[in-house]
$ cat input-v9.cif   # mmCIF, C-alpha atoms
data_upload
loop_
_atom_site.group_PDB
_atom_site.id
_atom_site.type_symbol
_atom_site.label_atom_id
_atom_site.label_comp_id
_atom_site.auth_asym_id
_atom_site.auth_seq_id
_atom_site.Cartn_x
_atom_site.Cartn_y
_atom_site.Cartn_z
ATOM 1 C CA MET A 1 -134.240 25.928 83.746
ATOM 2 C CA VAL A 2 -137.945 26.030 84.619
ATOM 3 C CA GLN A 3 -139.430 23.311 86.826
ATOM 4 C CA VAL A 4 -142.696 22.024 85.402
ATOM 5 C CA ARG A 5 -144.834 19.808 87.631
ATOM 6 C CA GLN A 6 -142.643 17.511 89.682
ATOM 7 C CA SER A 7 -141.793 15.253 86.772
ATOM 8 C CA LEU A 8 -141.320 17.757 83.906
ATOM 9 C CA THR A 9 -138.581 20.283 83.222
ATOM 10 C CA LEU A 10 -138.370 22.948 80.534
ATOM 11 C CA ASP A 11 -134.684 23.302 79.654
ATOM 12 C CA LEU A 12 -132.349 24.633 76.983
ATOM 13 C CA MET A 13 -131.755 22.129 74.184
ATOM 14 C CA ARG A 14 -128.262 20.622 74.170
ATOM 15 C CA GLU A 15 -126.346 18.882 71.409
ATOM 16 C CA GLY A 16 -126.989 15.574 73.164
ATOM 17 C CA ASP A 17 -130.746 16.141 72.704
ATOM 18 C CA VAL A 18 -130.624 16.435 68.905
ATOM 19 C CA ALA A 19 -130.936 12.703 68.154
ATOM 20 C CA THR A 20 -134.076 12.419 70.301
ATOM 21 C CA VAL A 21 -135.553 15.616 68.859
ATOM 22 C CA GLN A 22 -134.984 14.233 65.368
ATOM 23 C CA GLU A 23 -136.657 10.958 66.332
ATOM 24 C CA ILE A 24 -139.724 12.894 67.513
ATOM 25 C CA GLU A 25 -139.689 14.931 64.283
ATOM 26 C CA ARG A 26 -139.594 11.811 62.105
ATOM 27 C CA HIS A 27 -142.858 10.706 63.684
ATOM 28 C CA ILE A 28 -144.708 14.022 63.507
ATOM 29 C CA PHE A 29 -143.343 15.840 60.433
ATOM 30 C CA SER A 30 -142.940 14.532 56.897
ATOM 31 C CA THR A 31 -139.843 16.689 56.320
ATOM 32 C CA PRO A 32 -137.792 16.802 59.544
ATOM 33 C CA TRP A 33 -134.834 19.116 59.845
ATOM 34 C CA PRO A 34 -131.406 17.619 59.141
ATOM 35 C CA ARG A 35 -129.131 17.030 62.131
ATOM 36 C CA ASN A 36 -126.662 19.737 61.061
ATOM 37 C CA ALA A 37 -129.450 22.350 61.095
ATOM 38 C CA TYR A 38 -129.954 21.814 64.827
ATOM 39 C CA TYR A 39 -126.227 21.906 65.524
ATOM 40 C CA ARG A 40 -125.992 25.178 63.585
ATOM 41 C CA GLU A 41 -128.929 26.622 65.557
ATOM 42 C CA LEU A 42 -127.438 25.547 68.881
ATOM 43 C CA SER A 43 -124.139 27.222 68.025
ATOM 44 C CA SER A 44 -125.986 30.527 67.404
ATOM 45 C CA ARG A 45 -127.159 31.209 70.960
ATOM 46 C CA ASN A 46 -127.077 34.986 70.392
ATOM 47 C CA SER A 47 -129.901 34.791 67.856
ATOM 48 C CA ALA A 48 -131.426 31.316 68.317
ATOM 49 C CA TYR A 49 -133.201 29.823 71.312
ATOM 50 C CA TYR A 50 -134.167 26.133 71.483
ATOM 51 C CA ILE A 51 -135.774 24.298 74.380
ATOM 52 C CA VAL A 52 -136.861 20.788 75.304
ATOM 53 C CA LEU A 53 -139.512 19.592 77.710
ATOM 54 C CA ARG A 54 -138.124 16.665 79.700
ATOM 55 C CA ARG A 55 -140.107 14.136 81.695
ATOM 56 C CA GLU A 56 -138.332 12.425 84.536
ATOM 57 C CA VAL A 57 -138.724 8.657 84.425
ATOM 58 C CA ASP A 58 -137.229 5.899 86.537
ATOM 59 C CA ASP A 59 -134.214 5.368 84.313
ATOM 60 C CA GLY A 60 -133.435 9.045 83.634
ATOM 61 C CA GLY A 61 -134.936 11.773 81.483
ATOM 62 C CA ASP A 62 -137.202 11.508 78.476
ATOM 63 C CA ILE A 63 -137.865 14.342 76.007
ATOM 64 C CA VAL A 64 -141.584 15.025 75.556
ATOM 65 C CA GLY A 65 -141.269 17.900 73.093
ATOM 66 C CA TYR A 66 -139.178 20.793 71.867
ATOM 67 C CA GLY A 67 -139.449 24.268 70.438
ATOM 68 C CA GLY A 68 -137.260 26.935 68.951
ATOM 69 C CA MET A 69 -137.150 30.464 67.687
ATOM 70 C CA TRP A 70 -134.884 33.119 66.264
ATOM 71 C CA ARG A 71 -134.489 36.663 67.435
ATOM 72 C CA MET A 72 -134.167 39.144 64.602
ATOM 73 C CA TYR A 73 -133.899 42.708 65.859
ATOM 74 C CA ASP A 74 -137.012 43.229 67.976
ATOM 75 C CA GLU A 75 -138.925 40.255 66.571
ATOM 76 C CA ALA A 76 -138.979 36.649 67.792
ATOM 77 C CA HIS A 77 -139.764 34.157 65.021
ATOM 78 C CA VAL A 78 -140.929 30.703 66.131
ATOM 79 C CA THR A 79 -139.177 28.192 63.877
ATOM 80 C CA THR A 80 -140.381 24.880 65.239
ATOM 81 C CA ILE A 81 -142.420 23.277 67.970
ATOM 82 C CA GLY A 82 -143.246 19.617 68.377
ATOM 83 C CA VAL A 83 -144.530 17.079 70.887
ATOM 84 C CA ARG A 84 -144.220 13.302 70.744
ATOM 85 C CA ARG A 85 -147.142 11.893 68.793
ATOM 86 C CA ASP A 86 -148.306 9.660 71.666
ATOM 87 C CA LEU A 87 -148.490 12.714 73.952
ATOM 88 C CA HIS A 88 -150.481 15.082 71.720
ATOM 89 C CA HIS A 89 -153.470 16.978 73.176
ATOM 90 C CA ARG A 90 -152.205 16.907 76.769
ATOM 91 C CA GLY A 91 -151.106 20.549 77.060
ATOM 92 C CA PHE A 92 -147.395 20.014 76.448
ATOM 93 C CA GLY A 93 -147.410 22.223 73.343
ATOM 94 C CA ARG A 94 -148.955 25.047 75.383
ATOM 95 C CA ILE A 95 -146.209 24.677 78.007
ATOM 96 C CA LEU A 96 -143.498 24.761 75.327
ATOM 97 C CA PHE A 97 -145.076 27.786 73.650
ATOM 98 C CA ALA A 98 -145.372 29.636 76.982
ATOM 99 C CA GLY A 99 -141.650 28.972 77.456
ATOM 100 C CA LEU A 100 -140.926 30.497 74.051
ATOM 101 C CA VAL A 101 -143.050 33.549 74.899
ATOM 102 C CA GLN A 102 -141.154 33.946 78.153
ATOM 103 C CA ALA A 103 -137.866 33.690 76.235
ATOM 104 C CA SER A 104 -139.125 36.395 73.857
ATOM 105 C CA TYR A 105 -139.413 38.750 76.820
ATOM 106 C CA ASP A 106 -135.973 37.696 78.054
ATOM 107 C CA MET A 107 -134.436 38.295 74.615
ATOM 108 C CA GLY A 108 -135.889 41.799 74.382
ATOM 109 C CA ALA A 109 -138.302 41.077 71.536
ATOM 110 C CA LYS A 110 -141.334 43.268 70.932
ATOM 111 C CA TRP A 111 -143.319 40.938 68.669
ATOM 112 C CA ILE A 112 -143.571 37.234 67.903
ATOM 113 C CA THR A 113 -144.354 35.711 64.530
ATOM 114 C CA LEU A 114 -144.752 32.194 63.181
ATOM 115 C CA GLU A 115 -146.067 30.113 60.294
ATOM 116 C CA VAL A 116 -148.448 27.206 60.755
ATOM 117 C CA ARG A 117 -149.929 24.724 58.308
ATOM 118 C CA THR A 118 -153.449 25.554 57.151
ATOM 119 C CA THR A 119 -154.546 22.088 58.305
ATOM 120 C CA ASN A 120 -153.136 22.457 61.833
ATOM 121 C CA GLU A 121 -156.279 23.901 63.396
ATOM 122 C CA ASN A 122 -155.339 22.836 66.939
ATOM 123 C CA ALA A 123 -152.105 24.826 66.802
ATOM 124 C CA MET A 124 -153.821 27.866 65.265
ATOM 125 C CA HIS A 125 -156.429 27.786 68.018
ATOM 126 C CA MET A 126 -153.705 27.618 70.683
ATOM 127 C CA TYR A 127 -151.808 30.564 69.123
ATOM 128 C CA GLU A 128 -155.024 32.582 68.916
ATOM 129 C CA GLY A 129 -155.499 31.859 72.628
ATOM 130 C CA PHE A 130 -152.152 33.573 73.204
ATOM 131 C CA GLY A 131 -153.426 36.621 71.290
ATOM 132 C CA PHE A 132 -151.977 35.914 67.850
ATOM 133 C CA LYS A 133 -153.751 37.083 64.707
ATOM 134 C CA VAL A 134 -153.696 35.757 61.165
ATOM 135 C CA ILE A 135 -152.025 38.368 58.972
ATOM 136 C CA GLY A 136 -151.374 36.467 55.771
ATOM 137 C CA ARG A 137 -150.837 33.283 53.849
ATOM 138 C CA ARG A 138 -147.721 31.878 52.162
ATOM 139 C CA LYS A 139 -148.775 29.872 49.117
ATOM 140 C CA GLY A 140 -147.067 26.485 48.760
ATOM 141 C CA TYR A 141 -144.830 27.164 51.775
ATOM 142 C CA TYR A 142 -144.425 23.536 52.863
ATOM 143 C CA THR A 143 -142.229 21.636 50.429
ATOM 144 C CA ASP A 144 -143.450 18.146 51.342
ATOM 145 C CA ASN A 145 -146.961 18.643 49.952
ATOM 146 C CA GLY A 146 -147.176 22.259 48.773
ATOM 147 C CA GLU A 147 -149.543 23.185 51.600
ATOM 148 C CA ASP A 148 -149.977 26.871 52.354
ATOM 149 C CA ALA A 149 -148.801 28.399 55.627
ATOM 150 C CA ILE A 150 -150.863 30.757 57.715
ATOM 151 C CA VAL A 151 -148.722 33.653 58.974
ATOM 152 C CA MET A 152 -149.562 34.748 62.502
ATOM 153 C CA TRP A 153 -148.288 37.720 64.527
ATOM 154 C CA SER A 154 -148.723 38.875 68.081
ATOM 155 C CA ASP A 155 -149.517 42.390 69.140
ATOM 156 C CA SER A 156 -146.624 43.999 70.948
ATOM 157 C CA ILE A 157 -145.832 41.478 73.683
ATOM 158 C CA HIS A 158 -145.777 44.445 76.065
ATOM 159 C CA SER A 159 -149.312 45.551 75.159
ATOM 160 C CA PRO A 160 -152.111 45.063 77.691
ATOM 161 C CA ARG A 161 -153.989 42.786 75.250
ATOM 162 C CA PHE A 162 -151.057 40.414 74.779
ATOM 163 C CA ARG A 163 -150.103 40.469 78.459
ATOM 164 C CA SER A 164 -153.666 39.580 79.364
ATOM 165 C CA ALA A 165 -153.733 36.629 76.961
ATOM 166 C CA TYR A 166 -150.345 35.407 78.219
ATOM 167 C CA GLU A 167 -151.495 35.767 81.832
ATOM 168 C CA SER A 168 -154.640 33.797 81.025
ATOM 169 C CA ASN A 169 -152.553 30.984 79.547
ATOM 170 C CA LEU A 170 -150.275 30.958 82.579
ATOM 171 C CA GLU A 171 -153.312 30.649 84.832
ATOM 172 C CA HIS A 172 -154.583 27.804 82.652
ATOM 173 C CA ILE A 173 -151.345 25.865 83.067
ATOM 174 C CA GLU A 174 -150.215 27.257 86.427
ATOM 175 C CA ALA A 175 -150.785 24.001 88.249
ATOM 176 C CA ASP A 176 -148.442 22.337 85.785
ATOM 177 C CA VAL A 177 -145.908 25.109 85.242
ATOM 178 C CA ARG A 178 -143.896 26.452 88.095
ATOM 179 C CA GLY A 179 -141.317 29.050 87.215
ATOM 180 C CA LEU A 180 -142.839 30.758 84.185
ATOM 181 C CA ARG A 181 -142.319 34.232 85.518
ATOM 182 C CA ARG A 182 -145.207 36.623 85.885
ATOM 183 C CA ASP A 183 -142.810 39.469 86.644
ATOM 184 C CA LEU A 184 -142.375 39.768 82.878
ATOM 185 C CA LEU A 185 -145.891 41.078 82.688
ATOM 186 C CA THR A 186 -145.088 44.125 84.796
ATOM 187 C CA ARG A 187 -142.318 45.455 82.563
ATOM 188 C CA GLY A 188 -143.036 48.540 80.503
ATOM 189 C CA ASP A 189 -142.307 48.972 76.831
#
$ encode --input "input-v9.cif" --output "structure tokens"
Amino acid sequence: MVQVRQSLTLDLMREGDVATVQEIERHIFSTPWPRNAYYRELSSRNSAYYIVLRREVDDGGDIVGYGGMWRMYDEAHVTTIGVRRDLHHRGFGRILFAGLVQASYDMGAKWITLEVRTTNENAMHMYEGFGFKVIGRRKGYYTDNGEDAIVMWSDSIHSPRFRSAYESNLEHIEADVRGLRRDLLTRGD
């Protein structure tokens, strides 16, 4: 668990979180994942990693957003990331993504890849700020409207260029994120 601010916590997703994650998805995505997909992912902890960002409120915890990825050999593939619609553009997506990058180091990945909608310029800009590059396009990737996906890849996450971009993002959110470990940046290939 990573403590974020005093009122936010980045934590592993649990089965009890799935209903709330699905509720968030219904508001931000036109084709949310089915419930059984999350349960299947959560039962595959060796190759799948899913997190939630919780906000502490007076009557308990409240999920702000979530993210997930798969590890396939030495590659981490981001599968989903989402933040409650009423909390967009407040830096929560950046915190979630930094948590996924940290998990990529922990899982022994060498690269990270993802797809993003061509219309999601804010997300593409954030990924570019982490050092990701556009390497291709998947025509008609999204089944809800046939929109293309932009395919983005990182350099080696152990390369100086990627480490520098990650470090810059940590500095940007350091006041909000306590516990995203900088020791990862000192590891060799």
$ atom_distance --input "input-v9.cif" --atom1 "atom CA of Gly140 of chain A" --atom2 "atom CA of Thr119 of chain A"
12.9 Å
$ resolve_selection --input "input-v9.cif" --expression "the PyMOL selection byres ((chain A and resi 31-38) around 10)" --output "list in words"
Met13, Arg14, Glu15, Asp17, Val18, Ala19, Val21, Gln22, Glu23, Ile24, Glu25, Arg26, His27, Ile28, Phe29, Ser30, Tyr39, Arg40, Glu41, Leu42, Ser43, Ser44, Tyr50, Gly68, Thr80, Tyr142, Thr143, Asp144 and Asn145 of chain A
$ write_last_selection --input "input-v9.cif" --atoms "C-alpha atoms" --output "PDB file, keeping the file's coordinate frame"
ATOM      1  CA  MET A  13    -131.755  22.129  74.184  1.00  0.00           C
ATOM      2  CA  ARG A  14    -128.262  20.622  74.170  1.00  0.00           C
ATOM      3  CA  GLU A  15    -126.346  18.882  71.409  1.00  0.00           C
ATOM      4  CA  ASP A  17    -130.746  16.141  72.704  1.00  0.00           C
ATOM      5  CA  VAL A  18    -130.624  16.435  68.905  1.00  0.00           C
ATOM      6  CA  ALA A  19    -130.936  12.703  68.154  1.00  0.00           C
ATOM      7  CA  VAL A  21    -135.553  15.616  68.859  1.00  0.00           C
ATOM      8  CA  GLN A  22    -134.984  14.233  65.368  1.00  0.00           C
ATOM      9  CA  GLU A  23    -136.657  10.958  66.332  1.00  0.00           C
ATOM     10  CA  ILE A  24    -139.724  12.894  67.513  1.00  0.00           C
ATOM     11  CA  GLU A  25    -139.689  14.931  64.283  1.00  0.00           C
ATOM     12  CA  ARG A  26    -139.594  11.811  62.105  1.00  0.00           C
ATOM     13  CA  HIS A  27    -142.858  10.706  63.684  1.00  0.00           C
ATOM     14  CA  ILE A  28    -144.708  14.022  63.507  1.00  0.00           C
ATOM     15  CA  PHE A  29    -143.343  15.840  60.433  1.00  0.00           C
ATOM     16  CA  SER A  30    -142.940  14.532  56.897  1.00  0.00           C
ATOM     17  CA  TYR A  39    -126.227  21.906  65.524  1.00  0.00           C
ATOM     18  CA  ARG A  40    -125.992  25.178  63.585  1.00  0.00           C
ATOM     19  CA  GLU A  41    -128.929  26.622  65.557  1.00  0.00           C
ATOM     20  CA  LEU A  42    -127.438  25.547  68.881  1.00  0.00           C
ATOM     21  CA  SER A  43    -124.139  27.222  68.025  1.00  0.00           C
ATOM     22  CA  SER A  44    -125.986  30.527  67.404  1.00  0.00           C
ATOM     23  CA  TYR A  50    -134.167  26.133  71.483  1.00  0.00           C
ATOM     24  CA  GLY A  68    -137.260  26.935  68.951  1.00  0.00           C
ATOM     25  CA  THR A  80    -140.381  24.880  65.239  1.00  0.00           C
ATOM     26  CA  TYR A 142    -144.425  23.536  52.863  1.00  0.00           C
ATOM     27  CA  THR A 143    -142.229  21.636  50.429  1.00  0.00           C
ATOM     28  CA  ASP A 144    -143.450  18.146  51.342  1.00  0.00           C
ATOM     29  CA  ASN A 145    -146.961  18.643  49.952  1.00  0.00           C
TER      30      ASN A 145
END
$ atom_distance --input "input-v9.cif" --atom1 "atom CA of Phe92 of chain A" --atom2 "atom CA of Val64 of chain A"
7.7 Å
$ atom_distance --input "input-v9.cif" --atom1 "atom CA of Leu114 of chain A" --atom2 "atom CA of Asp86 of chain A"
24.3 Å
$ build_atoms --input "input-v9.cif" --residues "segment 76-93 of chain A" --atoms "N, CA, C and O atoms" --output "mmCIF file, in the coordinates of the input"
data_model
loop_
_atom_site.group_PDB
_atom_site.id
_atom_site.type_symbol
_atom_site.label_atom_id
_atom_site.label_comp_id
_atom_site.auth_asym_id
_atom_site.auth_seq_id
_atom_site.Cartn_x
_atom_site.Cartn_y
_atom_site.Cartn_z
ATOM 1 N N ALA A 76 -139.270 38.063 67.549
ATOM 2 C CA ALA A 76 -138.979 36.649 67.792
ATOM 3 C C ALA A 76 -139.782 35.852 66.764
ATOM 4 O O ALA A 76 -140.972 36.087 66.583
ATOM 5 N N HIS A 77 -139.115 34.960 66.060
ATOM 6 C CA HIS A 77 -139.764 34.157 65.021
ATOM 7 C C HIS A 77 -139.707 32.687 65.437
ATOM 8 O O HIS A 77 -138.630 32.107 65.515
ATOM 9 N N VAL A 78 -140.867 32.109 65.741
ATOM 10 C CA VAL A 78 -140.929 30.703 66.131
ATOM 11 C C VAL A 78 -140.621 29.865 64.897
ATOM 12 O O VAL A 78 -141.278 30.003 63.860
ATOM 13 N N THR A 79 -139.616 29.004 65.011
ATOM 14 C CA THR A 79 -139.177 28.192 63.877
ATOM 15 C C THR A 79 -139.715 26.777 63.919
ATOM 16 O O THR A 79 -139.947 26.168 62.876
ATOM 17 N N THR A 80 -139.904 26.256 65.121
ATOM 18 C CA THR A 80 -140.381 24.880 65.239
ATOM 19 C C THR A 80 -140.934 24.632 66.632
ATOM 20 O O THR A 80 -140.505 25.264 67.601
ATOM 21 N N ILE A 81 -141.891 23.742 66.692
ATOM 22 C CA ILE A 81 -142.420 23.277 67.970
ATOM 23 C C ILE A 81 -143.022 21.904 67.707
ATOM 24 O O ILE A 81 -143.677 21.694 66.684
ATOM 25 N N GLY A 82 -142.735 20.972 68.577
ATOM 26 C CA GLY A 82 -143.246 19.617 68.377
ATOM 27 C C GLY A 82 -143.330 18.838 69.671
ATOM 28 O O GLY A 82 -142.525 19.038 70.578
ATOM 29 N N VAL A 83 -144.306 17.945 69.731
ATOM 30 C CA VAL A 83 -144.530 17.079 70.887
ATOM 31 C C VAL A 83 -144.655 15.653 70.369
ATOM 32 O O VAL A 83 -145.213 15.419 69.290
ATOM 33 N N ARG A 84 -144.117 14.711 71.138
ATOM 34 C CA ARG A 84 -144.220 13.302 70.744
ATOM 35 C C ARG A 84 -145.659 12.964 70.380
ATOM 36 O O ARG A 84 -146.595 13.375 71.064
ATOM 37 N N ARG A 85 -145.802 12.210 69.308
ATOM 38 C CA ARG A 85 -147.142 11.893 68.793
ATOM 39 C C ARG A 85 -148.034 11.246 69.852
ATOM 40 O O ARG A 85 -149.211 11.556 69.972
ATOM 41 N N ASP A 86 -147.489 10.351 70.667
ATOM 42 C CA ASP A 86 -148.306 9.660 71.666
ATOM 43 C C ASP A 86 -148.695 10.560 72.838
ATOM 44 O O ASP A 86 -149.472 10.152 73.701
ATOM 45 N N LEU A 87 -148.180 11.785 72.866
ATOM 46 C CA LEU A 87 -148.490 12.714 73.952
ATOM 47 C C LEU A 87 -149.208 13.974 73.473
ATOM 48 O O LEU A 87 -149.298 14.960 74.201
ATOM 49 N N HIS A 88 -149.731 13.932 72.237
ATOM 50 C CA HIS A 88 -150.481 15.082 71.720
ATOM 51 C C HIS A 88 -151.745 15.320 72.537
ATOM 52 O O HIS A 88 -152.283 14.406 73.156
ATOM 53 N N HIS A 89 -152.208 16.554 72.551
ATOM 54 C CA HIS A 89 -153.470 16.978 73.176
ATOM 55 C C HIS A 89 -153.469 16.812 74.693
ATOM 56 O O HIS A 89 -154.514 16.580 75.294
ATOM 57 N N ARG A 90 -152.303 16.974 75.309
ATOM 58 C CA ARG A 90 -152.205 16.907 76.769
ATOM 59 C C ARG A 90 -151.675 18.205 77.369
ATOM 60 O O ARG A 90 -151.331 18.247 78.540
ATOM 61 N N GLY A 91 -151.547 19.250 76.557
ATOM 62 C CA GLY A 91 -151.106 20.549 77.060
ATOM 63 C C GLY A 91 -149.608 20.793 76.998
ATOM 64 O O GLY A 91 -149.139 21.858 77.396
ATOM 65 N N PHE A 92 -148.841 19.831 76.498
ATOM 66 C CA PHE A 92 -147.395 20.014 76.448
ATOM 67 C C PHE A 92 -146.988 21.081 75.431
ATOM 68 O O PHE A 92 -146.033 21.823 75.650
ATOM 69 N N GLY A 93 -147.700 21.184 74.326
ATOM 70 C CA GLY A 93 -147.410 22.223 73.343
ATOM 71 C C GLY A 93 -147.626 23.609 73.927
ATOM 72 O O GLY A 93 -146.847 24.528 73.680
#
